[in-house]
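Raw contents of coords06.csv, CSV, N, CA, C and O atoms:
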```csv
chain,number,residue,atom,x,y,z
U,1,MET,N,22.8,16.2,-9.0
U,1,MET,CA,21.6,16.1,-8.2
U,1,MET,C,20.4,16.6,-9.0
U,1,MET,O,20.5,17.6,-9.6
U,2,ALA,N,19.3,15.9,-8.9
U,2,ALA,CA,18.0,16.4,-9.5
U,2,ALA,C,17.6,17.6,-8.7
U,2,ALA,O,17.4,17.6,-7.5
U,3,ASP,N,17.3,18.7,-9.3
U,3,ASP,CA,17.0,20.0,-8.7
U,3,ASP,C,15.7,20.5,-9.3
U,3,ASP,O,15.6,21.0,-10.4
U,4,PRO,N,14.6,20.5,-8.5
U,4,PRO,CA,13.3,20.9,-9.0
U,4,PRO,C,13.3,22.4,-9.4
U,4,PRO,O,12.4,22.9,-10.1
U,5,ASP,N,14.3,23.2,-8.9
U,5,ASP,CA,14.4,24.6,-9.3
U,5,ASP,C,14.8,24.7,-10.8
U,5,ASP,O,14.7,25.8,-11.3
U,6,ARG,N,15.4,23.7,-11.4
U,6,ARG,CA,15.9,23.8,-12.7
U,6,ARG,C,15.0,23.1,-13.8
U,6,ARG,O,15.3,23.2,-15.0
U,7,HIS,N,13.9,22.5,-13.4
U,7,HIS,CA,13.0,22.0,-14.3
U,7,HIS,C,11.6,22.0,-13.7
U,7,HIS,O,11.4,22.4,-12.6
U,8,GLU,N,10.6,21.5,-14.5
U,8,GLU,CA,9.2,21.6,-14.1
U,8,GLU,C,8.8,20.6,-13.0
U,8,GLU,O,9.4,19.5,-12.9
U,9,VAL,N,7.9,21.1,-12.1
U,9,VAL,CA,7.3,20.3,-11.1
U,9,VAL,C,5.8,20.5,-11.3
U,9,VAL,O,5.3,21.6,-11.5
U,10,TYR,N,5.1,19.3,-11.4
U,10,TYR,CA,3.7,19.3,-11.6
U,10,TYR,C,3.0,19.2,-10.2
U,10,TYR,O,3.5,18.4,-9.4
U,11,PHE,N,1.9,19.9,-10.0
U,11,PHE,CA,1.1,19.8,-8.8
U,11,PHE,C,-0.3,19.4,-9.1
U,11,PHE,O,-0.9,19.8,-10.1
U,12,GLU,N,-0.8,18.5,-8.2
U,12,GLU,CA,-2.2,18.1,-8.3
U,12,GLU,C,-2.8,18.3,-6.9
U,12,GLU,O,-2.3,18.0,-5.9
U,13,PHE,N,-4.0,19.0,-6.9
U,13,PHE,CA,-4.7,19.2,-5.7
U,13,PHE,C,-6.0,18.5,-5.7
U,13,PHE,O,-6.8,18.5,-6.7
U,14,VAL,N,-6.3,17.7,-4.6
U,14,VAL,CA,-7.5,17.0,-4.4
U,14,VAL,C,-8.1,17.3,-3.1
U,14,VAL,O,-7.5,17.1,-2.0
U,15,ALA,N,-9.4,17.8,-3.1
U,15,ALA,CA,-10.1,18.1,-1.8
U,15,ALA,C,-10.7,16.8,-1.3
U,15,ALA,O,-11.3,16.0,-2.1
U,16,ILE,N,-10.4,16.5,-0.1
U,16,ILE,CA,-10.9,15.3,0.6
U,16,ILE,C,-11.6,15.8,1.9
U,16,ILE,O,-10.9,15.9,2.9
U,17,GLY,N,-12.9,16.0,1.8
U,17,GLY,CA,-13.6,16.5,3.0
U,17,GLY,C,-13.1,17.9,3.4
U,17,GLY,O,-13.1,18.8,2.5
U,18,ASN,N,-12.6,18.1,4.6
U,18,ASN,CA,-12.1,19.4,5.0
U,18,ASN,C,-10.6,19.5,4.9
U,18,ASN,O,-10.0,20.4,5.5
U,19,VAL,N,-10.0,18.6,4.1
U,19,VAL,CA,-8.5,18.7,3.9
U,19,VAL,C,-8.2,18.7,2.4
U,19,VAL,O,-9.1,18.3,1.6
U,20,VAL,N,-7.1,19.1,2.0
U,20,VAL,CA,-6.6,19.1,0.6
U,20,VAL,C,-5.3,18.3,0.5
U,20,VAL,O,-4.4,18.6,1.3
U,21,LYS,N,-5.3,17.4,-0.4
U,21,LYS,CA,-4.1,16.6,-0.6
U,21,LYS,C,-3.4,17.2,-1.8
U,21,LYS,O,-4.0,17.4,-2.9
U,22,VAL,N,-2.1,17.6,-1.7
U,22,VAL,CA,-1.4,18.2,-2.8
U,22,VAL,C,-0.3,17.2,-3.1
U,22,VAL,O,0.4,16.7,-2.2
U,23,THR,N,-0.1,16.8,-4.4
U,23,THR,CA,0.9,16.0,-4.9
U,23,THR,C,1.9,16.8,-5.7
U,23,THR,O,1.4,17.5,-6.6
U,24,ALA,N,3.2,16.6,-5.5
U,24,ALA,CA,4.2,17.3,-6.3
U,24,ALA,C,5.0,16.2,-7.1
U,24,ALA,O,5.4,15.2,-6.4
U,25,ILE,N,5.1,16.4,-8.4
U,25,ILE,CA,5.8,15.4,-9.2
U,25,ILE,C,6.9,16.1,-10.0
U,25,ILE,O,6.7,17.1,-10.7
U,26,ASP,N,8.1,15.6,-9.8
U,26,ASP,CA,9.3,16.1,-10.5
U,26,ASP,C,9.3,15.6,-11.9
U,26,ASP,O,9.2,14.4,-12.2
U,27,SER,N,9.3,16.5,-12.9
U,27,SER,CA,9.1,16.1,-14.3
U,27,SER,C,10.3,15.4,-14.8
U,27,SER,O,10.2,14.6,-15.7
U,28,GLN,N,11.5,15.6,-14.3
U,28,GLN,CA,12.7,14.9,-14.8
U,28,GLN,C,12.8,13.5,-14.2
U,28,GLN,O,13.2,12.5,-15.0
U,29,THR,N,12.6,13.3,-12.9
U,29,THR,CA,12.8,12.0,-12.3
U,29,THR,C,11.6,11.2,-12.1
U,29,THR,O,11.7,10.0,-11.9
U,30,GLY,N,10.4,11.9,-12.1
U,30,GLY,CA,9.2,11.2,-11.9
U,30,GLY,C,8.9,10.9,-10.4
U,30,GLY,O,8.0,10.3,-10.0
U,31,THR,N,9.8,11.5,-9.5
U,31,THR,CA,9.6,11.4,-8.1
U,31,THR,C,8.4,12.1,-7.7
U,31,THR,O,8.1,13.2,-8.1
U,32,GLU,N,7.6,11.5,-6.8
U,32,GLU,CA,6.3,12.0,-6.4
U,32,GLU,C,6.2,12.0,-4.9
U,32,GLU,O,6.6,11.0,-4.2
U,33,VAL,N,5.7,13.1,-4.3
U,33,VAL,CA,5.5,13.2,-2.9
U,33,VAL,C,4.1,13.9,-2.7
U,33,VAL,O,3.6,14.6,-3.6
U,34,SER,N,3.5,13.6,-1.5
U,34,SER,CA,2.2,14.2,-1.2
U,34,SER,C,2.2,14.8,0.2
U,34,SER,O,3.0,14.4,1.1
U,35,ALA,N,1.4,15.8,0.3
U,35,ALA,CA,1.2,16.5,1.6
U,35,ALA,C,-0.2,16.8,1.8
U,35,ALA,O,-0.9,16.9,0.8
U,36,MET,N,-0.7,17.0,3.0
U,36,MET,CA,-2.1,17.3,3.3
U,36,MET,C,-2.1,18.5,4.2
U,36,MET,O,-1.2,18.7,5.0
U,37,GLY,N,-3.2,19.3,4.0
U,37,GLY,CA,-3.4,20.5,4.8
U,37,GLY,C,-4.8,20.8,4.9
U,37,GLY,O,-5.6,20.3,4.1
U,38,PRO,N,-5.2,21.7,5.7
U,38,PRO,CA,-6.6,22.1,5.8
U,38,PRO,C,-7.1,22.8,4.5
U,38,PRO,O,-6.3,23.5,3.9
U,39,ALA,N,-8.4,22.6,4.2
U,39,ALA,CA,-8.9,23.2,3.0
U,39,ALA,C,-8.9,24.7,3.1
U,39,ALA,O,-9.0,25.4,2.1
U,40,SER,N,-8.8,25.3,4.3
U,40,SER,CA,-8.8,26.7,4.4
U,40,SER,C,-7.4,27.3,4.1
U,40,SER,O,-7.3,28.5,4.0
U,41,SER,N,-6.4,26.5,3.9
U,41,SER,CA,-5.1,26.9,3.5
U,41,SER,C,-5.1,27.5,2.1
U,41,SER,O,-5.8,27.0,1.3
U,42,SER,N,-4.2,28.4,1.8
U,42,SER,CA,-4.1,28.9,0.4
U,42,SER,C,-3.4,27.8,-0.4
U,42,SER,O,-2.6,27.0,0.1
U,43,GLN,N,-3.7,27.9,-1.7
U,43,GLN,CA,-3.1,26.9,-2.6
U,43,GLN,C,-1.6,27.1,-2.7
U,43,GLN,O,-0.8,26.2,-2.8
U,44,ALA,N,-1.2,28.4,-2.6
U,44,ALA,CA,0.3,28.7,-2.6
U,44,ALA,C,1.0,28.1,-1.4
U,44,ALA,O,2.1,27.6,-1.6
U,45,ASP,N,0.4,28.1,-0.2
U,45,ASP,CA,1.0,27.5,0.9
U,45,ASP,C,1.1,26.0,0.8
U,45,ASP,O,2.2,25.5,1.2
U,46,LEU,N,0.1,25.4,0.3
U,46,LEU,CA,0.1,23.9,0.2
U,46,LEU,C,1.1,23.5,-0.9
U,46,LEU,O,1.9,22.5,-0.7
U,47,GLN,N,1.2,24.3,-2.0
U,47,GLN,CA,2.2,24.0,-3.0
U,47,GLN,C,3.6,24.2,-2.5
U,47,GLN,O,4.5,23.3,-2.8
U,48,GLN,N,3.9,25.2,-1.7
U,48,GLN,CA,5.2,25.4,-1.1
U,48,GLN,C,5.6,24.2,-0.2
U,48,GLN,O,6.7,23.8,-0.2
U,49,LEU,N,4.6,23.8,0.6
U,49,LEU,CA,4.8,22.6,1.5
U,49,LEU,C,5.2,21.4,0.7
U,49,LEU,O,6.2,20.7,1.0
U,50,ALA,N,4.5,21.1,-0.4
U,50,ALA,CA,4.8,19.9,-1.2
U,50,ALA,C,6.1,20.1,-1.9
U,50,ALA,O,6.9,19.1,-2.0
U,51,LEU,N,6.5,21.3,-2.4
U,51,LEU,CA,7.7,21.5,-3.1
U,51,LEU,C,8.9,21.3,-2.1
U,51,LEU,O,9.9,20.7,-2.5
U,52,GLN,N,8.8,21.8,-0.9
U,52,GLN,CA,9.9,21.6,0.1
U,52,GLN,C,10.1,20.1,0.4
U,52,GLN,O,11.2,19.6,0.5
U,53,LYS,N,9.0,19.4,0.5
U,53,LYS,CA,9.0,18.0,0.7
U,53,LYS,C,9.7,17.2,-0.4
U,53,LYS,O,10.5,16.3,-0.2
U,54,LEU,N,9.4,17.7,-1.7
U,54,LEU,CA,10.0,17.1,-2.9
U,54,LEU,C,11.5,17.3,-2.9
U,54,LEU,O,12.3,16.4,-3.2
U,55,LYS,N,11.9,18.5,-2.6
U,55,LYS,CA,13.3,18.9,-2.6
U,55,LYS,C,14.0,18.0,-1.6
U,55,LYS,O,15.1,17.6,-1.8
U,56,ALA,N,13.5,17.9,-0.4
U,56,ALA,CA,14.1,17.0,0.7
U,56,ALA,C,14.2,15.6,0.2
U,56,ALA,O,15.3,15.0,0.4
U,57,ARG,N,13.2,15.1,-0.4
U,57,ARG,CA,13.3,13.7,-0.9
U,57,ARG,C,14.3,13.5,-2.0
U,57,ARG,O,15.1,12.5,-2.0
U,58,LEU,N,14.4,14.4,-2.9
U,58,LEU,CA,15.4,14.4,-4.0
U,58,LEU,C,16.8,14.4,-3.4
U,58,LEU,O,17.7,13.7,-3.9
U,59,LYS,N,17.0,15.3,-2.5
U,59,LYS,CA,18.3,15.4,-1.8
U,59,LYS,C,18.7,14.1,-1.1
U,59,LYS,O,19.8,13.7,-1.2
U,60,ARG,N,17.7,13.5,-0.4
U,60,ARG,CA,18.0,12.3,0.3
U,60,ARG,C,18.3,11.1,-0.6
U,60,ARG,O,19.1,10.3,-0.3
U,61,GLU,N,17.7,11.1,-1.8
U,61,GLU,CA,17.8,10.0,-2.7
U,61,GLU,C,19.0,10.1,-3.7
U,61,GLU,O,19.3,9.2,-4.4
U,62,THR,N,19.6,11.3,-3.7
U,62,THR,CA,20.7,11.5,-4.6
U,62,THR,C,22.0,10.9,-4.0
U,62,THR,O,22.3,11.3,-2.8
U,63,PRO,N,22.7,10.1,-4.7
U,63,PRO,CA,23.9,9.5,-4.1
U,63,PRO,C,25.0,10.6,-3.9
U,63,PRO,O,25.0,11.6,-4.7
U,64,PRO,N,25.8,10.5,-2.9
U,64,PRO,CA,26.9,11.5,-2.6
U,64,PRO,C,27.9,11.7,-3.7
U,64,PRO,O,28.1,10.9,-4.5
```

Conversion result in structure tokens:
Amino acid sequence: MADPDRHEVYFEFVAIGNVVKVTAIDSQTGTEVSAMGPASSSQADLQQLALQKLKARLKRETPP
């Protein structure tokens, strides 16, 4: 199973008005997910949200 805890994950933050879009990209598989949150949120909180979403997607896409 691809595990983002074992290799790099790249994050991109883009402010769009009063929200921030954070994209997490798994370096090994190229899998990409995005999440959005209020601009008042901390970068660490948004990064954690995107990372959890990436982990869930990788788990879902990994064959049994």

Discussion item. What does the structure give for the distance between CA of Asp26 in chain U and CA of Pro63 in chain U, in Å to one decimal?
Written reply: 17.3 Å

Worksheet entry | Contacts of Gln43 in chain U at 10 Å (only C-alpha atoms; same-chain gap of 5+ positions) as a PyMOL selection string | chain U and resi 13+20+22+37+48-49

Output N, CA, C and O atoms of each residue in that selection to a file, as an mmCIF file, keeping the file's coordinate frame.
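The resulting file, selection-v7.cif, is shown below:
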```
data_model
loop_
_atom_site.group_PDB
_atom_site.id
_atom_site.type_symbol
_atom_site.label_atom_id
_atom_site.label_comp_id
_atom_site.auth_asym_id
_atom_site.auth_seq_id
_atom_site.Cartn_x
_atom_site.Cartn_y
_atom_site.Cartn_z
ATOM 1 N N PHE U 13 -4.000 19.000 -6.900
ATOM 2 C CA PHE U 13 -4.700 19.200 -5.700
ATOM 3 C C PHE U 13 -6.000 18.500 -5.700
ATOM 4 O O PHE U 13 -6.800 18.500 -6.700
ATOM 5 N N VAL U 20 -7.100 19.100 2.000
ATOM 6 C CA VAL U 20 -6.600 19.100 0.600
ATOM 7 C C VAL U 20 -5.300 18.300 0.500
ATOM 8 O O VAL U 20 -4.400 18.600 1.300
ATOM 9 N N VAL U 22 -2.100 17.600 -1.700
ATOM 10 C CA VAL U 22 -1.400 18.200 -2.800
ATOM 11 C C VAL U 22 -0.300 17.200 -3.100
ATOM 12 O O VAL U 22 0.400 16.700 -2.200
ATOM 13 N N GLY U 37 -3.200 19.300 4.000
ATOM 14 C CA GLY U 37 -3.400 20.500 4.800
ATOM 15 C C GLY U 37 -4.800 20.800 4.900
ATOM 16 O O GLY U 37 -5.600 20.300 4.100
ATOM 17 N N GLN U 48 3.900 25.200 -1.700
ATOM 18 C CA GLN U 48 5.200 25.400 -1.100
ATOM 19 C C GLN U 48 5.600 24.200 -0.200
ATOM 20 O O GLN U 48 6.700 23.800 -0.200
ATOM 21 N N LEU U 49 4.600 23.800 0.600
ATOM 22 C CA LEU U 49 4.800 22.600 1.500
ATOM 23 C C LEU U 49 5.200 21.400 0.700
ATOM 24 O O LEU U 49 6.200 20.700 1.000
#
```

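Of the listed residues U:Val14, U:Val19, U:Ala50, U:Ala56, the one whose atoms come nearest to Ser34 in chain U is U:Ala50, with distances taken using only C-alpha atoms.
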
Worksheet, complete the sentence: Expressed in Å, the length from CA of Ser40 in chain U to CA of Arg57 in chain U is 26.2 Å

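Nearest to Ala15 in chain U of all the residues U:Met36, U:Leu51, U:Leu58, U:Ala44 is U:Met36, counting only C-alpha atoms.
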
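The closest residue to Ala35 in chain U, picked from U:Thr62, U:Tyr10, U:Lys55, U:Thr23 and counting all atoms listed in the file, is U:Thr23.
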
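Pairwise distance (CA of Asp45 in chain U, atom C of Arg60 in chain U) equals 23.9 Å.
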
DSSP on the backbone: which residues in chain U end up as alpha helix (DSSP H)? Give the answer as a PDB file with N, CA, C and O atoms, in the frame of the given file.
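What landed in selection_25.pdb:
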```
ATOM      1  N   GLN U  43      -3.700  27.900  -1.700  1.00  0.00           N
ATOM      2  CA  GLN U  43      -3.100  26.900  -2.600  1.00  0.00           C
ATOM      3  C   GLN U  43      -1.600  27.100  -2.700  1.00  0.00           C
ATOM      4  O   GLN U  43      -0.800  26.200  -2.800  1.00  0.00           O
ATOM      5  N   ALA U  44      -1.200  28.400  -2.600  1.00  0.00           N
ATOM      6  CA  ALA U  44       0.300  28.700  -2.600  1.00  0.00           C
ATOM      7  C   ALA U  44       1.000  28.100  -1.400  1.00  0.00           C
ATOM      8  O   ALA U  44       2.100  27.600  -1.600  1.00  0.00           O
ATOM      9  N   ASP U  45       0.400  28.100  -0.200  1.00  0.00           N
ATOM     10  CA  ASP U  45       1.000  27.500   0.900  1.00  0.00           C
ATOM     11  C   ASP U  45       1.100  26.000   0.800  1.00  0.00           C
ATOM     12  O   ASP U  45       2.200  25.500   1.200  1.00  0.00           O
ATOM     13  N   LEU U  46       0.100  25.400   0.300  1.00  0.00           N
ATOM     14  CA  LEU U  46       0.100  23.900   0.200  1.00  0.00           C
ATOM     15  C   LEU U  46       1.100  23.500  -0.900  1.00  0.00           C
ATOM     16  O   LEU U  46       1.900  22.500  -0.700  1.00  0.00           O
ATOM     17  N   GLN U  47       1.200  24.300  -2.000  1.00  0.00           N
ATOM     18  CA  GLN U  47       2.200  24.000  -3.000  1.00  0.00           C
ATOM     19  C   GLN U  47       3.600  24.200  -2.500  1.00  0.00           C
ATOM     20  O   GLN U  47       4.500  23.300  -2.800  1.00  0.00           O
ATOM     21  N   GLN U  48       3.900  25.200  -1.700  1.00  0.00           N
ATOM     22  CA  GLN U  48       5.200  25.400  -1.100  1.00  0.00           C
ATOM     23  C   GLN U  48       5.600  24.200  -0.200  1.00  0.00           C
ATOM     24  O   GLN U  48       6.700  23.800  -0.200  1.00  0.00           O
ATOM     25  N   LEU U  49       4.600  23.800   0.600  1.00  0.00           N
ATOM     26  CA  LEU U  49       4.800  22.600   1.500  1.00  0.00           C
ATOM     27  C   LEU U  49       5.200  21.400   0.700  1.00  0.00           C
ATOM     28  O   LEU U  49       6.200  20.700   1.000  1.00  0.00           O
ATOM     29  N   ALA U  50       4.500  21.100  -0.400  1.00  0.00           N
ATOM     30  CA  ALA U  50       4.800  19.900  -1.200  1.00  0.00           C
ATOM     31  C   ALA U  50       6.100  20.100  -1.900  1.00  0.00           C
ATOM     32  O   ALA U  50       6.900  19.100  -2.000  1.00  0.00           O
ATOM     33  N   LEU U  51       6.500  21.300  -2.400  1.00  0.00           N
ATOM     34  CA  LEU U  51       7.700  21.500  -3.100  1.00  0.00           C
ATOM     35  C   LEU U  51       8.900  21.300  -2.100  1.00  0.00           C
ATOM     36  O   LEU U  51       9.900  20.700  -2.500  1.00  0.00           O
ATOM     37  N   GLN U  52       8.800  21.800  -0.900  1.00  0.00           N
ATOM     38  CA  GLN U  52       9.900  21.600   0.100  1.00  0.00           C
ATOM     39  C   GLN U  52      10.100  20.100   0.400  1.00  0.00           C
ATOM     40  O   GLN U  52      11.200  19.600   0.500  1.00  0.00           O
ATOM     41  N   LYS U  53       9.000  19.400   0.500  1.00  0.00           N
ATOM     42  CA  LYS U  53       9.000  18.000   0.700  1.00  0.00           C
ATOM     43  C   LYS U  53       9.700  17.200  -0.400  1.00  0.00           C
ATOM     44  O   LYS U  53      10.500  16.300  -0.200  1.00  0.00           O
ATOM     45  N   LEU U  54       9.400  17.700  -1.700  1.00  0.00           N
ATOM     46  CA  LEU U  54      10.000  17.100  -2.900  1.00  0.00           C
ATOM     47  C   LEU U  54      11.500  17.300  -2.900  1.00  0.00           C
ATOM     48  O   LEU U  54      12.300  16.400  -3.200  1.00  0.00           O
ATOM     49  N   LYS U  55      11.900  18.500  -2.600  1.00  0.00           N
ATOM     50  CA  LYS U  55      13.300  18.900  -2.600  1.00  0.00           C
ATOM     51  C   LYS U  55      14.000  18.000  -1.600  1.00  0.00           C
ATOM     52  O   LYS U  55      15.100  17.600  -1.800  1.00  0.00           O
ATOM     53  N   ALA U  56      13.500  17.900  -0.400  1.00  0.00           N
ATOM     54  CA  ALA U  56      14.100  17.000   0.700  1.00  0.00           C
ATOM     55  C   ALA U  56      14.200  15.600   0.200  1.00  0.00           C
ATOM     56  O   ALA U  56      15.300  15.000   0.400  1.00  0.00           O
ATOM     57  N   ARG U  57      13.200  15.100  -0.400  1.00  0.00           N
ATOM     58  CA  ARG U  57      13.300  13.700  -0.900  1.00  0.00           C
ATOM     59  C   ARG U  57      14.300  13.500  -2.000  1.00  0.00           C
ATOM     60  O   ARG U  57      15.100  12.500  -2.000  1.00  0.00           O
ATOM     61  N   LEU U  58      14.400  14.400  -2.900  1.00  0.00           N
ATOM     62  CA  LEU U  58      15.400  14.400  -4.000  1.00  0.00           C
ATOM     63  C   LEU U  58      16.800  14.400  -3.400  1.00  0.00           C
ATOM     64  O   LEU U  58      17.700  13.700  -3.900  1.00  0.00           O
ATOM     65  N   LYS U  59      17.000  15.300  -2.500  1.00  0.00           N
ATOM     66  CA  LYS U  59      18.300  15.400  -1.800  1.00  0.00           C
ATOM     67  C   LYS U  59      18.700  14.100  -1.100  1.00  0.00           C
ATOM     68  O   LYS U  59      19.800  13.700  -1.200  1.00  0.00           O
ATOM     69  N   ARG U  60      17.700  13.500  -0.400  1.00  0.00           N
ATOM     70  CA  ARG U  60      18.000  12.300   0.300  1.00  0.00           C
ATOM     71  C   ARG U  60      18.300  11.100  -0.600  1.00  0.00           C
ATOM     72  O   ARG U  60      19.100  10.300  -0.300  1.00  0.00           O
ATOM     73  N   GLU U  61      17.700  11.100  -1.800  1.00  0.00           N
ATOM     74  CA  GLU U  61      17.800  10.000  -2.700  1.00  0.00           C
ATOM     75  C   GLU U  61      19.000  10.100  -3.700  1.00  0.00           C
ATOM     76  O   GLU U  61      19.300   9.200  -4.400  1.00  0.00           O
TER      77      GLU U  61
END
```

Worksheet item: Which parts of range 2-64 of chain U does DSSP call strand (DSSP E or B) when run on the backbone here, written out as a count of residues only?
Response: 23

Practice prompt. Up to 8 Å from (10.4, 16.6, -18.8) in the file's coordinates: name the residues, counting only N, CA, C and O atoms, as JSON, numbers by chain.
Written response: {"U": [7, 8, 26, 27, 28, 29]}

Please produce a file of the residues just selected, as a PDB file, in the frame of the given file, where the atoms kept are N, CA, C and O atoms.
```
ATOM      1  N   HIS U   7      13.900  22.500 -13.400  1.00  0.00           N
ATOM      2  CA  HIS U   7      13.000  22.000 -14.300  1.00  0.00           C
ATOM      3  C   HIS U   7      11.600  22.000 -13.700  1.00  0.00           C
ATOM      4  O   HIS U   7      11.400  22.400 -12.600  1.00  0.00           O
ATOM      5  N   GLU U   8      10.600  21.500 -14.500  1.00  0.00           N
ATOM      6  CA  GLU U   8       9.200  21.600 -14.100  1.00  0.00           C
ATOM      7  C   GLU U   8       8.800  20.600 -13.000  1.00  0.00           C
ATOM      8  O   GLU U   8       9.400  19.500 -12.900  1.00  0.00           O
ATOM      9  N   ASP U  26       8.100  15.600  -9.800  1.00  0.00           N
ATOM     10  CA  ASP U  26       9.300  16.100 -10.500  1.00  0.00           C
ATOM     11  C   ASP U  26       9.300  15.600 -11.900  1.00  0.00           C
ATOM     12  O   ASP U  26       9.200  14.400 -12.200  1.00  0.00           O
ATOM     13  N   SER U  27       9.300  16.500 -12.900  1.00  0.00           N
ATOM     14  CA  SER U  27       9.100  16.100 -14.300  1.00  0.00           C
ATOM     15  C   SER U  27      10.300  15.400 -14.800  1.00  0.00           C
ATOM     16  O   SER U  27      10.200  14.600 -15.700  1.00  0.00           O
ATOM     17  N   GLN U  28      11.500  15.600 -14.300  1.00  0.00           N
ATOM     18  CA  GLN U  28      12.700  14.900 -14.800  1.00  0.00           C
ATOM     19  C   GLN U  28      12.800  13.500 -14.200  1.00  0.00           C
ATOM     20  O   GLN U  28      13.200  12.500 -15.000  1.00  0.00           O
ATOM     21  N   THR U  29      12.600  13.300 -12.900  1.00  0.00           N
ATOM     22  CA  THR U  29      12.800  12.000 -12.300  1.00  0.00           C
ATOM     23  C   THR U  29      11.600  11.200 -12.100  1.00  0.00           C
ATOM     24  O   THR U  29      11.700  10.000 -11.900  1.00  0.00           O
TER      25      THR U  29
END
```
